[in-house]
>>> print(open('run_21.txt').read())   # compact mmCIF, C-alpha atoms
# COMPACT_ATOMS: atom_id res chain seq x y z
CA MET A 178 141.88 149.00 273.63
CA LEU A 179 144.82 150.99 272.26
CA MET A 180 147.26 148.80 274.17
CA SER A 181 145.77 145.72 272.48
CA LEU A 182 146.46 147.05 268.96
CA PRO A 183 150.13 145.92 268.80
CA PHE A 184 149.07 142.42 269.85
CA LEU A 185 146.30 142.44 267.24
CA VAL A 186 148.78 143.45 264.53
CA TRP A 187 151.17 140.70 265.70
CA VAL A 188 148.40 138.08 265.47
CA ILE A 189 147.39 139.18 261.96
CA VAL A 190 150.97 139.28 260.66
CA PHE A 191 152.26 136.04 262.21
CA LYS A 192 149.09 133.94 262.52
CA TYR A 193 146.71 134.85 259.71
CA LEU A 194 148.85 136.06 256.81
CA PRO A 195 150.96 132.84 256.82
CA LEU A 196 147.76 130.85 256.17
CA TRP A 197 148.41 131.52 252.47
CA GLY A 198 151.21 129.00 252.87
CA TRP A 199 148.64 126.23 253.31
CA LEU A 200 148.38 126.20 249.54
CA ILE A 201 151.74 124.41 249.53
CA ALA A 202 150.00 121.30 250.91
CA PHE A 203 148.19 120.97 247.57
CA GLN A 204 151.28 121.55 245.41
CA ARG A 205 154.54 119.88 244.49
CA TYR A 206 156.39 122.87 245.83
CA ARG A 207 159.81 123.75 244.43
CA LEU A 208 162.00 126.61 245.58
CA GLY A 209 162.57 129.42 243.09
CA LYS A 210 159.02 129.48 241.76
CA GLY A 211 156.14 131.69 242.83
CA LEU A 212 153.41 130.32 245.04
CA PHE A 213 150.92 130.24 242.18
CA ASP A 214 153.42 128.92 239.63
CA GLN A 215 153.79 125.53 241.31
CA THR A 216 152.45 122.17 240.11
CA TRP A 217 149.11 121.42 241.74
CA VAL A 218 148.73 117.84 242.99
CA GLY A 219 145.44 117.97 244.90
CA LEU A 220 145.40 115.69 247.93
CA GLU A 221 148.51 113.71 246.96
CA ASN A 222 150.54 115.05 249.90
CA PHE A 223 147.81 114.04 252.34
CA ARG A 224 147.67 110.54 250.83
CA MET A 225 151.43 110.22 251.19
CA LEU A 226 151.17 111.39 254.78
CA PHE A 227 148.49 108.92 255.82
CA GLN A 228 150.10 106.02 253.92
CA ASP A 229 153.48 106.51 255.62
CA HIS A 230 153.84 104.02 258.49
CA HIS A 231 156.31 106.39 260.19
CA PHE A 232 153.51 108.95 260.50
CA TYR A 233 151.38 106.70 262.70
CA ARG A 234 154.35 105.92 264.93
CA VAL A 235 155.18 109.58 265.50
CA LEU A 236 151.47 110.35 265.94
CA ARG A 237 151.31 107.74 268.71
CA ASN A 238 154.40 109.17 270.36
CA THR A 239 153.06 112.71 270.11
CA LEU A 240 149.69 111.84 271.64
CA VAL A 241 151.23 109.83 274.49
CA MET A 242 153.81 112.48 275.37
CA SER A 243 151.26 115.30 275.14
CA SER A 244 148.78 113.39 277.30
CA LEU A 245 151.41 112.67 279.94
CA ASN A 246 152.53 116.29 279.97
CA LEU A 247 148.92 117.48 280.18
CA VAL A 248 147.88 115.20 283.04
CA LEU A 249 151.07 115.48 285.09
CA GLY A 250 151.36 119.19 284.37
CA PHE A 251 147.87 119.91 285.71
CA VAL A 252 148.06 117.59 288.70
CA THR A 253 151.49 118.71 289.89
CA ALA A 254 150.86 122.44 289.30
CA ILE A 255 147.50 122.43 291.11
CA THR A 256 148.91 120.34 293.97
CA LEU A 257 151.93 122.63 294.40
CA ALA A 258 149.70 125.72 294.30
CA LEU A 259 147.45 124.25 297.01
CA LEU A 260 150.43 123.39 299.21
CA LEU A 261 152.06 126.80 298.74
CA ASN A 262 148.78 128.48 299.63
CA GLU A 263 148.79 126.64 302.97
CA LEU A 264 152.22 127.97 303.95
CA ARG A 265 152.01 130.69 306.57
CA ARG A 266 155.63 131.84 306.66
CA VAL A 267 155.89 134.32 303.80
CA TYR A 268 159.69 134.14 303.55
CA PHE A 269 159.70 130.34 303.29
CA LYS A 270 156.81 130.43 300.79
CA ARG A 271 158.61 132.89 298.52
CA THR A 272 161.82 130.86 298.75
CA VAL A 273 160.02 127.69 297.65
CA GLN A 274 158.29 129.57 294.84
CA THR A 275 161.57 131.03 293.57
CA ILE A 276 163.32 127.66 293.63
CA SER A 277 160.43 126.01 291.77
CA TYR A 278 160.40 128.78 289.13
CA LEU A 279 164.11 128.68 288.32
CA PRO A 280 164.21 125.60 286.02
CA HIS A 281 161.67 127.26 283.71
CA PHE A 282 164.23 129.91 282.78
CA VAL A 283 166.90 127.33 281.94
CA SER A 284 167.06 126.59 278.21
CA TRP A 285 166.31 123.06 277.08
CA VAL A 286 169.89 122.76 275.82
CA VAL A 287 171.16 123.13 279.39
CA ALA A 288 168.25 121.18 280.90
CA ALA A 289 168.80 118.27 278.51
CA ASN A 290 172.47 118.11 279.50
CA ILE A 291 171.46 118.01 283.17
CA VAL A 292 169.04 115.15 282.46
CA GLN A 293 171.66 113.26 280.47
CA GLU A 294 174.28 113.65 283.20
CA THR A 295 171.79 112.63 285.87
CA LEU A 296 170.77 109.49 283.96
CA ALA A 297 174.26 108.57 282.75
CA PRO A 298 175.70 105.16 283.78
CA GLU A 299 177.88 107.02 286.31
CA GLY A 300 175.12 109.51 287.16
CA ILE A 301 173.44 110.14 290.48
CA ILE A 302 170.36 108.01 289.69
CA ASN A 303 172.33 104.86 288.92
CA ASN A 304 174.68 105.44 291.88
CA LEU A 305 171.73 105.85 294.23
CA LEU A 306 169.96 102.73 292.95
CA LEU A 307 173.17 100.72 293.18
CA LYS A 308 173.78 101.79 296.80
CA LEU A 309 170.19 100.85 297.67
CA ASN A 310 170.69 97.45 295.98
CA ILE A 311 167.69 98.07 293.74
CA ILE A 312 169.71 97.34 290.59
CA GLU A 313 172.79 95.16 290.09
CA ARG A 314 174.43 97.20 287.33
CA PRO A 315 173.97 100.70 285.85
CA ILE A 316 171.09 101.21 283.44
CA LEU A 317 171.45 103.18 280.22
CA TRP A 318 168.18 105.04 280.76
CA LEU A 319 168.16 106.99 277.49
CA GLY A 320 169.14 103.85 275.60
CA VAL A 321 165.87 102.05 276.37
CA GLY A 322 163.01 103.39 274.29
CA GLU A 323 160.29 102.27 276.71
CA TYR A 324 161.71 104.57 279.38
CA PHE A 325 161.72 107.71 277.24
CA TRP A 326 158.10 108.80 277.78
CA GLY A 327 158.45 108.61 281.55
CA ILE A 328 161.80 110.39 281.53
CA LEU A 329 160.43 113.20 279.38
CA ALA A 330 157.32 113.58 281.54
CA VAL A 331 159.39 113.88 284.73
CA ALA A 332 161.77 116.35 283.04
CA GLU A 333 158.83 118.49 281.86
CA VAL A 334 157.35 118.54 285.37
CA TRP A 335 160.70 119.46 286.93
CA LYS A 336 161.20 122.29 284.45
CA ASN A 337 157.70 123.81 284.36
CA VAL A 338 155.78 122.92 287.52
CA GLY A 339 156.78 126.11 289.35
CA TRP A 340 155.92 128.34 286.44
CA ASN A 341 152.56 126.62 285.92
CA THR A 342 151.51 127.33 289.51
CA ILE A 343 151.55 131.11 289.01
CA ILE A 344 148.10 131.40 287.50
CA TYR A 345 146.59 129.04 290.08
CA LEU A 346 148.09 131.03 292.95
CA ALA A 347 146.68 134.19 291.38
CA ALA A 348 143.26 132.56 291.11
CA ILE A 349 143.38 131.44 294.75
CA THR A 350 143.88 135.04 295.89
CA THR A 351 140.46 135.94 294.45
CA ILE A 352 138.64 133.55 296.81
CA ASP A 353 136.80 135.31 299.64
CA PRO A 354 138.80 134.75 302.89
CA THR A 355 135.58 134.69 304.91
CA GLN A 356 134.80 131.29 303.39
CA TYR A 357 137.92 129.86 305.01
CA GLU A 358 137.08 131.53 308.31
CA ALA A 359 133.56 130.11 308.29
CA ALA A 360 134.82 126.64 307.42
CA GLN A 361 137.44 126.81 310.16
CA ILE A 362 134.80 127.80 312.71
CA ASP A 363 132.73 124.79 311.60
CA GLY A 364 135.71 122.57 312.31
CA ALA A 365 136.86 121.88 308.73
CA SER A 366 140.44 120.64 308.46
CA ARG A 367 142.96 122.12 306.06
CA PHE A 368 142.35 119.29 303.63
CA ARG A 369 138.59 119.89 303.75
CA ARG A 370 139.08 123.61 303.15
CA MET A 371 141.27 122.87 300.15
CA TRP A 372 138.80 120.32 298.76
CA HIS A 373 135.56 122.24 299.34
CA ILE A 374 136.69 125.89 298.99
CA THR A 375 139.99 126.28 297.14
CA LEU A 376 139.45 123.74 294.36
CA PRO A 377 135.86 124.87 293.54
CA GLY A 378 137.09 128.47 293.66
CA ILE A 379 139.70 127.90 290.97
CA ARG A 380 137.63 125.45 288.90
CA PRO A 381 136.82 128.02 286.13
CA VAL A 382 140.55 128.70 285.69
CA ILE A 383 141.30 124.97 285.57
CA VAL A 384 138.63 124.45 282.90
CA LEU A 385 139.87 127.40 280.85
CA LEU A 386 143.48 126.19 280.92
CA LEU A 387 142.37 122.64 280.11
CA ILE A 388 140.51 123.84 277.02
CA MET A 389 143.47 125.93 275.87
CA ASN A 390 145.95 123.11 276.46
CA LEU A 391 143.81 120.61 274.57
CA GLY A 392 144.27 122.88 271.57
CA HIS A 393 147.97 121.98 271.70
CA ILE A 394 147.50 118.24 272.16
CA LEU A 395 149.58 117.51 269.04
CA GLU A 396 152.37 119.83 270.14
CA SER A 397 154.30 117.69 272.59
CA GLY A 398 157.38 119.82 272.10
CA PHE A 399 160.44 119.78 269.90
CA GLU A 400 163.59 120.69 271.83
CA PRO A 401 163.50 118.02 274.59
CA GLN A 402 162.68 115.22 272.14
CA TYR A 403 165.33 116.42 269.69
CA LEU A 404 168.01 116.82 272.37
CA LEU A 405 167.27 113.68 274.41
CA GLY A 406 166.44 111.46 271.44
CA ASN A 407 168.98 109.11 269.88
CA SER A 408 169.12 106.10 267.60
CA MET A 409 168.33 103.75 270.48
CA ASN A 410 165.09 105.44 271.58
CA ILE A 411 163.96 106.93 268.27
CA GLU A 412 160.94 104.61 268.14
CA TYR A 413 159.57 106.43 271.18
CA SER A 414 161.18 109.88 271.06
CA GLU A 415 160.37 110.98 267.51
CA ASN A 416 157.23 113.12 267.45
CA LEU A 417 155.27 114.96 264.79
CA ASP A 418 157.45 118.08 264.79
CA ILE A 419 160.62 116.05 264.30
CA PHE A 420 158.85 114.05 261.58
CA VAL A 421 158.04 117.30 259.74
CA LEU A 422 161.65 118.45 260.04
CA LYS A 423 163.21 115.13 259.01
CA TYR A 424 160.87 113.91 256.26
CA GLY A 425 159.52 117.24 255.11
CA ILE A 426 161.84 120.21 255.34
CA GLN A 427 165.22 118.42 255.24
CA LEU A 428 164.14 116.40 252.18
CA ASN A 429 162.64 119.50 250.51
CA ASN A 430 159.20 117.91 250.66
CA TYR A 431 157.48 121.09 251.76
CA GLY A 432 154.06 119.90 250.65
CA LEU A 433 154.22 116.94 253.04
CA ALA A 434 155.39 119.18 255.87
CA THR A 435 152.55 121.63 255.27
CA ALA A 436 150.00 118.80 255.08
CA ALA A 437 151.19 117.57 258.49
CA GLY A 438 150.82 121.10 259.84
CA ILE A 439 147.24 121.33 258.56
CA PHE A 440 146.48 117.96 260.14
CA LYS A 441 147.72 119.26 263.49
CA THR A 442 145.59 122.39 263.20
CA VAL A 443 142.40 120.50 262.32
CA VAL A 444 142.84 118.00 265.17
CA SER A 445 143.61 120.80 267.65
CA PHE A 446 140.51 122.71 266.53
CA ILE A 447 138.35 119.62 267.05
CA PHE A 448 139.77 119.12 270.55
CA ILE A 449 139.13 122.76 271.50
CA ILE A 450 135.50 122.68 270.30
CA SER A 451 134.87 119.32 271.97
CA ALA A 452 136.39 120.40 275.29
CA ASN A 453 134.41 123.65 275.23
CA HIS A 454 131.19 121.72 274.55
CA ILE A 455 131.89 119.25 277.37
CA ALA A 456 132.68 122.10 279.79
CA LYS A 457 129.39 123.77 278.90
CA ARG A 458 127.47 120.52 279.42
CA LEU A 459 129.10 120.10 282.83
CA GLY A 460 127.87 123.51 283.93
CA GLN A 461 130.82 125.73 283.10
CA SER A 462 130.26 128.87 281.09
CA ARG A 463 131.69 129.07 277.60
CA LEU A 464 135.22 130.21 278.26
CA TYR A 465 136.91 129.93 274.91
>>> encode(input="run_21.txt", output="structure tokens")
Amino acid sequence: MLMSLPFLVWVIVFKYLPLWGWLIAFQRYRLGKGLFDQTWVGLENFRMLFQDHHFYRVLRNTLVMSSLNLVLGFVTAITLALLLNELRRVYFKRTVQTISYLPHFVSWVVAANIVQETLAPEGIINNLLLKLNIIERPILWLGVGEYFWGILAVAEVWKNVGWNTIIYLAAITTIDPTQYEAAQIDGASRFRRMWHITLPGIRPVIVLLLIMNLGHILESGFEPQYLLGNSMNIEYSENLDIFVLKYGIQLNNYGLATAAGIFKTVVSFIFIISANHIAKRLGQSRLY
């Protein structure tokens, strides 16, 4: 309990005290004045937000990118954890784990440069496709907006799949080994043991992580979109966080930026409650 006190203080200072700033969403906020000396405008900032056609475009982009990251992140992390668990040579298993973890510790500035060099007209992807006669001339991958969502999803998987497997591997270690022995005696294949023992054994962890991740459904990221985005793919790369930066903070429209932040919080709260309710209806205990 004593060890949790610093974390509790951190949450109060950085998560609850800043909620006073939500008042800015109902003001025409100007720098240099006190928080309670501003001009109150009611719901004007929210009306401006929902009447801006750019907002619905970035909302679409945010939801699509978050959904892709959520689905691919879960599927690839669980699959990799299951495959690593089946490895019997400890040295090889640890080597694969280490290699898969490494991209997570690379900053997005470096990772974005790697992606750009890989997808450049003279990059390895175009050279490979040209040699296989799949394409006739190099493709400017980051110059086609329709490709951006897929590129970002693959980059996110490459960067985070190893790190995301850690908690699943930890959950797998809690499964009783005698279940595997009994299944093996009954003639169950490795695939059957994974499907009927490993997956049900880690199901509570999967549900918990799903509920927590749904709370961040409107947080598709900022750095990769900002670094990989350009004028040619802006229709697909600009998300809600970039919208807040560009049309809110940079234009000194702090009320609009705060209104967008409140919108994200309300939607995330609804997703968390809904996911928790669905998990309970499906037989899972209330986890969050």
>>> atom_distance(input="run_21.txt", atom1="atom CA of A:Gln356", atom2="atom CA of A:Ile255")
19.8 Å
>>> residues_near_point(input="run_21.txt", point="(173.8, 97.9, 285.0)", cutoff="12 Å", atoms="only C-alpha atoms", output="VMD selection string")
chain A and resid 297 to 300 302 to 304 306 to 307 310 to 318
>>> atom_distance(input="run_21.txt", atom1="atom CA of A:Lys336", atom2="atom CA of A:Leu376")
23.9 Å
>>> closest_residue(input="run_21.txt", among="A:Met242, A:Leu405, A:Met180, A:Leu247", to="A:Leu319", atoms="only C-alpha atoms")
A:Leu405
>>> closest_residue(input="run_21.txt", among="A:Glu415, A:Asn407, A:Phe440, A:Lys457", to="A:Arg224", atoms="all atoms listed in the file")
A:Phe440
>>> closest_residue(input="run_21.txt", among="A:Ser408, A:Thr350, A:Asn341, A:Gln402", to="A:Ile383", atoms="all atoms listed in the file")
A:Asn341
>>> residues_around(input="run_21.txt", residues="A:Phe448", least_positions_apart="4", cutoff="7 Å", atoms="only C-alpha atoms", output="VMD selection string")
chain A and resid 391 to 392 444 452
>>> closest_residue(input="run_21.txt", among="A:Val384, A:Val235, A:Ile379, A:Ala437", to="A:His454", atoms="all atoms listed in the file")
A:Val384
>>> closest_residue(input="run_21.txt", among="A:Ser181, A:Ser243, A:Thr256, A:Gln293", to="A:Ser397", atoms="only C-alpha atoms")
A:Ser243
>>> residues_around(input="run_21.txt", residues="A:Ala289", least_positions_apart="4", cutoff="12 Å", atoms="only C-alpha atoms", output="list in words")
Pro280, Val283, Ser284, Trp285, Gln293, Glu294, Thr295, Leu296, Ala297, Leu319, Ile328, Leu329, Ala332, Glu333, Trp335, Lys336, Glu400, Pro401, Gln402, Tyr403, Leu404, Leu405 and Gly406 of chain A
